[in-house]
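Data file: work_33.txt. Format and content: compact mmCIF, C-alpha atoms.
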# COMPACT_ATOMS: atom_id res chain seq x y z
CA MET A 1 0.00 0.00 0.00
CA LYS A 2 2.88 2.35 0.78
CA ALA A 3 4.50 1.57 -2.57
CA LEU A 4 1.21 2.08 -4.40
CA ALA A 5 0.84 5.51 -2.81
CA LEU A 6 4.41 6.39 -3.82
CA GLU A 7 3.78 5.37 -7.42
CA ALA A 8 0.52 7.34 -7.54
CA SER A 9 2.27 10.41 -6.12
CA ARG A 10 5.10 10.11 -8.64
CA CYS A 11 2.60 9.93 -11.52
CA ALA A 12 0.68 12.93 -10.17
CA ASP A 13 3.90 14.94 -10.03
CA ARG A 14 4.65 14.23 -13.70
CA MET A 15 1.22 14.63 -15.27
CA ASP A 16 -2.24 16.06 -14.75
CA VAL A 17 -4.24 12.92 -13.94
CA ARG A 18 -7.97 13.56 -14.16
CA PRO A 19 -9.56 10.17 -14.93
CA ALA A 20 -13.00 9.59 -16.37
CA THR A 21 -13.06 6.01 -15.07
CA ILE A 22 -11.29 3.95 -12.41
CA PHE A 23 -11.07 0.17 -12.36
CA PHE A 24 -9.72 -1.30 -9.13
CA GLY A 25 -9.10 -4.94 -9.88
CA GLY A 26 -6.43 -7.23 -11.21
CA GLY A 27 -7.20 -9.65 -8.37
CA THR A 28 -9.30 -9.25 -5.26
CA PRO A 29 -9.03 -5.74 -3.79
CA THR A 30 -11.68 -6.63 -1.21
CA ALA A 31 -9.22 -9.09 0.35
CA LEU A 32 -7.98 -5.92 2.08
CA THR A 33 -9.64 -4.95 5.33
CA THR A 34 -12.27 -2.22 5.30
CA LYS A 35 -9.73 0.18 6.84
CA GLN A 36 -7.07 -0.64 4.24
CA LEU A 37 -9.51 -0.28 1.36
CA SER A 38 -10.61 3.08 2.73
CA GLU A 39 -6.98 4.19 2.97
CA VAL A 40 -6.37 3.31 -0.68
CA CYS A 41 -9.50 5.17 -1.81
CA THR A 42 -8.56 8.19 0.31
CA MET A 43 -5.06 8.13 -1.18
CA LEU A 44 -6.52 8.24 -4.70
CA HIS A 45 -8.75 11.18 -3.76
CA ASP A 46 -5.81 13.02 -2.18
CA THR A 47 -3.44 12.34 -5.10
CA PHE A 48 -5.52 12.78 -8.24
CA ARG A 49 -8.35 14.99 -9.44
CA LEU A 50 -11.36 12.68 -9.30
CA ASP A 51 -14.07 15.26 -9.96
CA ALA A 52 -14.55 13.98 -13.53
CA VAL A 53 -14.90 10.27 -12.64
CA GLU A 54 -18.09 8.89 -14.16
CA GLU A 55 -17.55 5.22 -13.32
CA TRP A 56 -15.52 3.61 -10.55
CA THR A 57 -15.49 -0.18 -10.48
CA VAL A 58 -14.14 -2.43 -7.73
CA GLU A 59 -13.70 -6.15 -8.32
CA MET A 60 -14.51 -8.56 -5.52
CA ASN A 61 -14.67 -12.22 -4.62
CA PRO A 62 -17.97 -13.32 -3.02
CA ALA A 63 -15.99 -14.58 0.00
CA THR A 64 -14.67 -11.07 0.75
CA VAL A 65 -17.89 -9.03 0.52
CA SER A 66 -19.36 -7.29 3.56
CA ALA A 67 -21.98 -4.61 4.07
CA GLU A 68 -19.39 -2.42 5.82
CA LYS A 69 -17.00 -2.60 2.85
CA ALA A 70 -19.78 -1.97 0.35
CA ARG A 71 -21.04 1.12 2.17
CA MET A 72 -17.52 2.45 2.62
CA LEU A 73 -16.76 2.06 -1.09
CA LEU A 74 -19.98 3.84 -2.02
CA ASP A 75 -19.06 6.68 0.34
CA HIS A 76 -15.74 7.06 -1.50
CA GLY A 77 -17.45 7.35 -4.89
CA VAL A 78 -17.34 3.76 -6.13
CA ASN A 79 -20.49 3.27 -8.19
CA ARG A 80 -19.97 -0.13 -9.85
CA MET A 81 -19.01 -3.46 -8.31
CA SER A 82 -17.95 -6.59 -10.16
CA MET A 83 -18.21 -9.96 -8.46
CA GLY A 84 -16.49 -13.09 -9.76
CA VAL A 85 -19.07 -15.83 -9.31
CA GLN A 86 -17.82 -17.96 -12.26
CA ALA A 87 -20.23 -20.86 -11.57
CA TRP A 88 -23.11 -21.75 -9.29
CA GLN A 89 -22.39 -25.49 -9.03
CA PRO A 90 -20.24 -26.68 -6.08
CA HIS A 91 -18.29 -29.21 -8.16
CA LEU A 92 -17.30 -26.53 -10.71
CA LEU A 93 -16.30 -24.04 -8.00
CA LYS A 94 -14.03 -26.76 -6.65
CA VAL A 95 -12.49 -27.38 -10.08
CA LEU A 96 -11.85 -23.65 -10.46
CA GLY A 97 -10.28 -23.42 -7.02
CA ARG A 98 -12.78 -20.80 -5.87
CA VAL A 99 -12.92 -20.20 -2.13
CA HIS A 100 -16.59 -19.24 -2.05
CA SER A 101 -19.74 -21.35 -2.15
CA SER A 102 -22.81 -20.70 -4.28
CA GLU A 103 -24.77 -19.85 -1.11
CA GLN A 104 -22.10 -17.33 -0.18
CA ALA A 105 -22.28 -15.76 -3.63
CA LEU A 106 -26.05 -15.33 -3.30
CA ARG A 107 -25.65 -13.77 0.16
CA SER A 108 -22.92 -11.43 -1.09
CA TYR A 109 -25.07 -10.29 -3.98
CA SER A 110 -27.89 -9.52 -1.54
CA VAL A 111 -25.45 -7.63 0.69
CA LEU A 112 -24.42 -5.40 -2.23
CA ARG A 113 -28.02 -4.64 -3.14
CA GLU A 114 -29.01 -3.95 0.47
CA ALA A 115 -26.05 -1.60 0.81
CA GLY A 116 -27.38 0.42 -2.13
CA VAL A 117 -25.14 -0.74 -4.98
CA SER A 118 -27.13 0.00 -8.14
CA ASN A 119 -24.67 -1.22 -10.78
CA VAL A 120 -23.41 -4.78 -10.40
CA ASN A 121 -21.55 -7.06 -12.79
CA LEU A 122 -21.41 -10.81 -12.30
CA ASP A 123 -18.69 -12.88 -13.99
CA LEU A 124 -19.52 -16.34 -15.34
CA MET A 125 -17.27 -18.89 -17.01
CA PHE A 126 -17.96 -21.68 -19.48
CA GLY A 127 -15.70 -24.36 -20.90
CA VAL A 128 -14.78 -25.48 -17.38
CA PRO A 129 -13.59 -29.12 -17.15
CA GLY A 130 -16.56 -31.27 -16.16
CA GLN A 131 -19.11 -28.56 -16.96
CA THR A 132 -22.15 -29.76 -18.89
CA PRO A 133 -24.49 -27.69 -21.07
CA GLU A 134 -27.10 -28.25 -18.34
CA ASP A 135 -24.74 -26.74 -15.75
CA TRP A 136 -24.21 -23.72 -17.96
CA ALA A 137 -27.92 -23.26 -18.64
CA GLU A 138 -28.55 -23.37 -14.89
CA SER A 139 -25.83 -20.79 -14.20
CA LEU A 140 -27.32 -18.47 -16.80
CA ASP A 141 -30.84 -18.90 -15.40
CA ILE A 142 -29.73 -18.18 -11.82
CA THR A 143 -27.72 -15.14 -12.87
CA ILE A 144 -30.47 -13.71 -15.07
CA GLY A 145 -32.91 -14.22 -12.22
CA LEU A 146 -30.77 -11.99 -10.00
CA ALA A 147 -31.04 -9.21 -12.62
CA PRO A 148 -27.57 -7.68 -12.41
CA GLU A 149 -26.99 -4.70 -14.69
CA HIS A 150 -24.06 -6.41 -16.40
CA ILE A 151 -23.00 -10.02 -17.05
CA SER A 152 -19.58 -11.08 -18.30
CA ALA A 153 -19.53 -14.59 -19.78
CA TYR A 154 -16.01 -15.82 -20.51
CA SER A 155 -14.64 -19.04 -21.90
CA LEU A 156 -11.97 -20.61 -19.71
CA THR A 157 -8.57 -20.08 -21.30
CA TYR A 158 -5.50 -22.14 -20.55
CA GLU A 159 -2.81 -19.56 -19.82
CA GLU A 160 0.82 -20.56 -19.51
CA ASP A 161 2.22 -20.86 -15.98
CA THR A 162 -1.17 -21.88 -14.58
CA GLU A 163 -2.17 -25.21 -13.09
CA PHE A 164 -4.92 -25.58 -15.73
CA PHE A 165 -2.34 -25.22 -18.50
CA ARG A 166 0.01 -27.77 -16.90
CA GLN A 167 -2.79 -30.29 -16.41
CA GLN A 168 -3.94 -29.85 -20.00
CA LYS A 169 -0.39 -30.42 -21.29
CA ARG A 170 -0.24 -33.64 -19.26
CA GLY A 171 -3.50 -34.79 -20.84
CA LEU A 172 -5.45 -34.58 -17.59
CA LEU A 173 -7.90 -31.96 -18.85
CA HIS A 174 -9.71 -32.08 -22.16
CA THR A 175 -11.69 -29.48 -24.07
CA ASP A 176 -14.50 -29.99 -26.56
CA ALA A 177 -14.74 -27.09 -29.01
CA GLU A 178 -18.20 -28.15 -30.18
CA ILE A 179 -19.65 -28.22 -26.66
CA ASP A 180 -17.98 -24.90 -25.81
CA ALA A 181 -19.42 -23.33 -28.97
CA GLY A 182 -22.87 -24.55 -28.00
CA MET A 183 -22.53 -22.95 -24.56
CA PHE A 184 -21.38 -19.69 -26.14
CA GLU A 185 -24.43 -19.69 -28.44
CA LEU A 186 -26.71 -20.45 -25.49
CA ALA A 187 -25.26 -17.50 -23.55
CA MET A 188 -25.84 -15.12 -26.46
CA SER A 189 -29.45 -16.17 -27.01
CA ALA A 190 -30.43 -16.45 -23.34
CA LEU A 191 -28.96 -13.08 -22.38
CA GLN A 192 -30.44 -11.35 -25.42
CA ASN A 193 -33.87 -12.77 -24.61
CA ALA A 194 -33.44 -11.46 -21.05
CA GLY A 195 -32.88 -7.91 -22.29
CA TYR A 196 -29.08 -7.77 -22.23
CA GLU A 197 -27.14 -6.22 -25.10
CA GLN A 198 -23.99 -8.01 -26.22
CA TYR A 199 -21.80 -4.95 -26.65
CA GLU A 200 -18.63 -7.05 -26.78
CA ILE A 201 -17.98 -10.74 -27.37
CA SER A 202 -17.93 -11.62 -23.66
CA ASN A 203 -19.84 -8.68 -22.17
CA HIS A 204 -23.59 -8.19 -21.89
CA ALA A 205 -25.33 -5.22 -20.31
CA LYS A 206 -28.77 -3.81 -19.71
CA PRO A 207 -29.35 -0.75 -21.94
CA GLY A 208 -27.11 2.10 -20.82
CA ARG A 209 -25.06 -0.11 -18.49
CA ALA A 210 -22.08 -1.04 -20.67
CA CYS A 211 -18.81 -0.73 -18.78
CA ALA A 212 -17.43 2.71 -19.68
CA HIS A 213 -13.91 1.75 -18.59
CA ASN A 214 -13.85 -1.26 -20.92
CA MET A 215 -15.21 0.76 -23.81
CA ALA A 216 -12.59 3.48 -23.35
CA TYR A 217 -9.90 0.81 -23.34
CA TRP A 218 -11.21 -0.79 -26.53
CA LEU A 219 -11.55 2.58 -28.24
CA GLY A 220 -7.89 3.34 -27.63
CA ALA A 221 -8.07 5.88 -24.81
CA ASP A 222 -4.98 6.51 -22.70
CA TYR A 223 -4.93 4.76 -19.35
CA LEU A 224 -2.68 4.81 -16.30
CA GLY A 225 -1.99 1.55 -14.47
CA LEU A 226 -0.77 1.44 -10.87
CA GLY A 227 0.55 -1.55 -8.96
CA PRO A 228 2.58 -4.72 -9.62
CA GLY A 229 2.07 -5.95 -13.18
CA ALA A 230 -0.03 -2.90 -14.08
CA VAL A 231 0.09 -1.65 -17.67
CA SER A 232 -0.14 1.98 -18.79
CA THR A 233 -0.66 3.25 -22.32
CA LEU A 234 0.05 6.96 -22.49
CA GLY A 235 0.59 8.66 -25.82
CA LYS A 236 3.25 6.80 -27.77
CA ARG A 237 4.51 4.71 -24.88
CA ARG A 238 3.38 1.59 -23.05
CA ARG A 239 4.76 0.85 -19.62
CA THR A 240 4.41 -2.52 -17.88
CA ASN A 241 5.30 -2.72 -14.19
CA ALA A 242 7.18 -5.79 -13.03
CA PRO A 243 4.69 -8.36 -11.68
CA ASP A 244 6.82 -9.32 -8.67
CA THR A 245 5.26 -7.58 -5.68
CA ALA A 246 8.41 -7.65 -3.57
CA ALA A 247 10.53 -6.13 -6.35
CA TYR A 248 7.85 -3.52 -7.08
CA THR A 249 7.66 -2.50 -3.43
CA ARG A 250 11.42 -2.48 -2.88
CA CYS A 251 12.15 -0.33 -5.94
CA LEU A 252 9.51 2.27 -5.10
CA ILE A 253 10.50 2.60 -1.46
CA ASP A 254 14.24 2.58 -2.15
CA GLU A 255 14.39 4.34 -5.49
CA GLY A 256 11.06 6.09 -5.90
CA CYS A 257 9.99 4.37 -9.11
CA PRO A 258 8.63 0.93 -10.03
CA PRO A 259 10.63 -1.57 -12.08
CA ALA A 260 9.01 -1.35 -15.48
CA ALA A 261 9.46 -2.20 -19.15
CA ILE A 262 8.89 0.61 -21.65
CA GLU A 263 7.64 -0.11 -25.17
CA PRO A 264 7.37 2.55 -27.87
CA LEU A 265 4.01 2.51 -29.66
CA GLU A 266 4.09 3.20 -33.36
CA PRO A 267 0.82 4.60 -34.82
CA ALA A 268 0.46 1.54 -37.04
CA LEU A 269 0.68 -0.81 -34.06
CA ARG A 270 -1.86 1.21 -32.10
CA GLN A 271 -4.25 1.17 -35.06
CA ARG A 272 -3.98 -2.63 -35.32
CA GLU A 273 -4.73 -2.99 -31.62
CA ILE A 274 -7.76 -0.71 -31.73
CA LEU A 275 -9.21 -2.37 -34.84
CA SER A 276 -8.76 -5.80 -33.24
CA PHE A 277 -10.70 -4.65 -30.18
CA LEU A 278 -13.40 -2.85 -32.17
CA LEU A 279 -14.05 -5.98 -34.22
CA ARG A 280 -15.15 -7.66 -30.98
CA THR A 281 -17.61 -4.89 -30.08
CA SER A 282 -21.08 -3.98 -31.27
CA LEU A 283 -19.64 -0.72 -32.63
CA GLY A 284 -17.84 -2.66 -35.32
CA LEU A 285 -15.39 -1.26 -37.87
CA ASP A 286 -15.48 1.85 -40.00
CA PRO A 287 -14.62 0.70 -43.57
CA VAL A 288 -12.76 3.96 -44.17
CA GLU A 289 -10.34 3.13 -41.34
CA CYS A 290 -9.77 -0.38 -42.69
CA GLY A 291 -8.35 0.50 -46.09
CA ASP A 292 -5.30 -1.75 -45.75
CA TRP A 293 -7.50 -4.73 -44.92
CA ARG A 294 -10.59 -3.91 -46.98
CA ASN A 295 -10.26 -6.87 -49.37
CA GLU A 296 -9.95 -9.38 -46.54
CA LEU A 297 -12.88 -7.86 -44.63
CA GLU A 298 -15.06 -7.89 -47.74
CA GLU A 299 -14.24 -11.57 -48.04
CA TYR A 300 -15.36 -12.00 -44.42
CA GLN A 301 -18.67 -10.45 -45.48
CA GLN A 302 -19.03 -12.92 -48.33
CA GLN A 303 -18.33 -15.77 -45.91
CA GLY A 304 -21.11 -14.55 -43.61
CA TRP A 305 -18.82 -13.53 -40.75
CA LEU A 306 -19.36 -9.78 -41.10
CA GLN A 307 -22.36 -7.67 -41.99
CA ALA A 308 -22.84 -3.97 -42.64
CA GLY A 309 -25.05 -2.30 -40.04
CA SER A 310 -27.40 0.63 -40.56
CA SER A 311 -24.49 3.00 -39.88
CA GLY A 312 -22.42 1.33 -42.58
CA ARG A 313 -19.95 -0.11 -40.07
CA TRP A 314 -18.92 -3.76 -40.31
CA CYS A 315 -20.10 -5.87 -37.38
CA LEU A 316 -19.68 -9.54 -36.58
CA THR A 317 -22.58 -11.83 -37.34
CA THR A 318 -23.48 -14.61 -34.93
CA ARG A 319 -21.29 -16.93 -37.02
CA GLY A 320 -18.50 -14.38 -36.92
CA LYS A 321 -18.64 -14.11 -33.14
CA MET A 322 -17.87 -17.81 -32.91
CA VAL A 323 -14.48 -17.25 -34.58
CA ALA A 324 -13.76 -13.65 -33.60
CA ASP A 325 -10.20 -14.27 -32.41
CA ALA A 326 -9.28 -15.97 -35.66
CA LEU A 327 -10.84 -13.16 -37.71
CA ALA A 328 -8.94 -10.52 -35.75
CA GLU A 329 -5.67 -12.09 -36.88
CA VAL A 330 -6.19 -10.32 -40.23
CA PHE A 331 -4.80 -7.16 -38.61
CA TRP A 332 -1.57 -8.90 -37.61
Can you dump the structure from the file as structure tokens?
Amino acid sequence: MKALALEASRCADRMDVRPATIFFGGGTPTALTTKQLSEVCTMLHDTFRLDAVEEWTVEMNPATVSAEKARMLLDHGVNRMSMGVQAWQPHLLKVLGRVHSSEQALRSYSVLREAGVSNVNLDLMFGVPGQTPEDWAESLDITIGLAPEHISAYSLTYEEDTEFFRQQKRGLLHTDAEIDAGMFELAMSALQNAGYEQYEISNHAKPGRACAHNMAYWLGADYLGLGPGAVSTLGKRRRTNAPDTAAYTRCLIDEGCPPAAIEPLEPALRQREILSFLLRTSLGLDPVECGDWRNELEEYQQQGWLQAGSSGRWCLTTRGKMVADALAEVFW
């Protein structure tokens, strides 16, 4: 916490930081005590100009939610809370290594509502080893029944240096692309029928409740990242803090700056990144901005993966959403 405050102060000394959104996540901030969380929020208020903040999200695990924490966060200006439920079935929570139970997740959701939180996101995950289509349908039904303003539905990915990845490499975990695709289709149809708009491949929101922070990120806005492993994209530079917490803390306290890697951002690279993100959103692509890839994108249209909306922008069709990552490779 001391190192985080030092980094924030250093950034404030070098630039005029007046954010439109704040996203406090990257793990489980609510693992901190109520007092510690309050100290971090107070530090942000004291360090930066927060008068223009429209959306302030805090991520939380259902096992670390309390009415006291929720009320304190609201008092500090937090107006959006995101809870990682992932699944409602005990056997899948065990597979995922989650420390909460489904009953605890339901209680925590009620605690947030009773505290006055009016904008809640719930995270769900499909493609979990041992998960059946019936499990997924049940998770969707329970979540829709709770009526959160936002639902994120992600497919489990096997990242390197994780236990899931190691088990998959050893042949202990198996994936079925056809079953996963069916669950993805079910999520899209069920959430649409429940009044949620799929404004990005994995994100669904009630009208007017899309995550402003995510949208700014996908549209290419500058952002400042604080903390171990945090990434910043400011102008023509990208800075990535070292992920090792001990090294991060030691460098800031001893030297006044975090250990970080700096990457120059050429305009062409930034354009590729933004187009790749926009392809995944309901905004779609402006054909004028896609001149270098127009032939390939027109071929995507012919294949039924893209369609021109009323605004003339190219958007993914339902078929296209199934292979969005592969289609985005055209920009690289």
Note to self: So the first atom is CA of Arg80 (chain A) and the second is CA of Thr57 (chain A); what is the distance between them in Å, to one decimal place?
What the structure shows: 4.5 Å
Margin query: My list of candidates is A:Pro243, A:Gly284, A:Gly304, A:Gly26. Which is closest to Tyr199 (chain A) when distances are computed with only C-alpha atoms?
Written below: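 Closest residue, counting only C-alpha atoms: A:Gly284.
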Next item on the list: For a cut-off of 10 Å around (-8.6, -12.5, 5.2), file coordinates, pick out all residues using all atoms listed in the file and list them as a list in words.
Entry: Thr30, Ala31, Leu32, Thr33, Ala63 and Thr64 of chain A
Next item on the list: Find the residues near Arg237 (chain A): any atom within 12 Å, counting all atoms listed in the file, skip ones fewer than 2 places away on the same chain, and give them as a ChimeraX atom specification.
Entry: /A:222-224,231-235,239-240,261-267,269-270
Would you export the selected residues with C-alpha atoms as a PDB file, keeping the file's coordinate frame, please?
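And here's result05.pdb as it stands now:
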ATOM      1  CA  ASP A 222      -4.980   6.510 -22.700  1.00  0.00           C
ATOM      2  CA  TYR A 223      -4.930   4.760 -19.350  1.00  0.00           C
ATOM      3  CA  LEU A 224      -2.680   4.810 -16.300  1.00  0.00           C
ATOM      4  CA  VAL A 231       0.090  -1.650 -17.670  1.00  0.00           C
ATOM      5  CA  SER A 232      -0.140   1.980 -18.790  1.00  0.00           C
ATOM      6  CA  THR A 233      -0.660   3.250 -22.320  1.00  0.00           C
ATOM      7  CA  LEU A 234       0.050   6.960 -22.490  1.00  0.00           C
ATOM      8  CA  GLY A 235       0.590   8.660 -25.820  1.00  0.00           C
ATOM      9  CA  ARG A 239       4.760   0.850 -19.620  1.00  0.00           C
ATOM     10  CA  THR A 240       4.410  -2.520 -17.880  1.00  0.00           C
ATOM     11  CA  ALA A 261       9.460  -2.200 -19.150  1.00  0.00           C
ATOM     12  CA  ILE A 262       8.890   0.610 -21.650  1.00  0.00           C
ATOM     13  CA  GLU A 263       7.640  -0.110 -25.170  1.00  0.00           C
ATOM     14  CA  PRO A 264       7.370   2.550 -27.870  1.00  0.00           C
ATOM     15  CA  LEU A 265       4.010   2.510 -29.660  1.00  0.00           C
ATOM     16  CA  GLU A 266       4.090   3.200 -33.360  1.00  0.00           C
ATOM     17  CA  PRO A 267       0.820   4.600 -34.820  1.00  0.00           C
ATOM     18  CA  LEU A 269       0.680  -0.810 -34.060  1.00  0.00           C
ATOM     19  CA  ARG A 270      -1.860   1.210 -32.100  1.00  0.00           C
TER      20      ARG A 270
END
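Candidate residues A:Leu219, A:Glu178, A:Ile144, A:Gln192 were compared for distance to Met322 (chain A), and the nearest is A:Glu178, using only C-alpha atoms.
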Next item on the list: Report the distance between CA of Ile142 (chain A) and CA of Asp123 (chain A) in Å, rounded to one decimal place.
Entry: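 Here the two named atoms are 12.4 Å from each other.
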Check: Within 8 Å of His100 (chain A), counting all atoms listed in the file, which residues qualify if same-chain residues fewer than 6 places away don't, as a list in words?
Finding: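 Once the adjacent positions are removed, what remains is Asn61, Pro62, Ala63 and Leu93 of chain A.
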Next item on the list: Go through A:Ile151, A:Leu186, A:Val40, A:Ala67 and flag the residue nearest Ser82 (chain A), using only C-alpha atoms for the distances.
Entry: A:Ile151
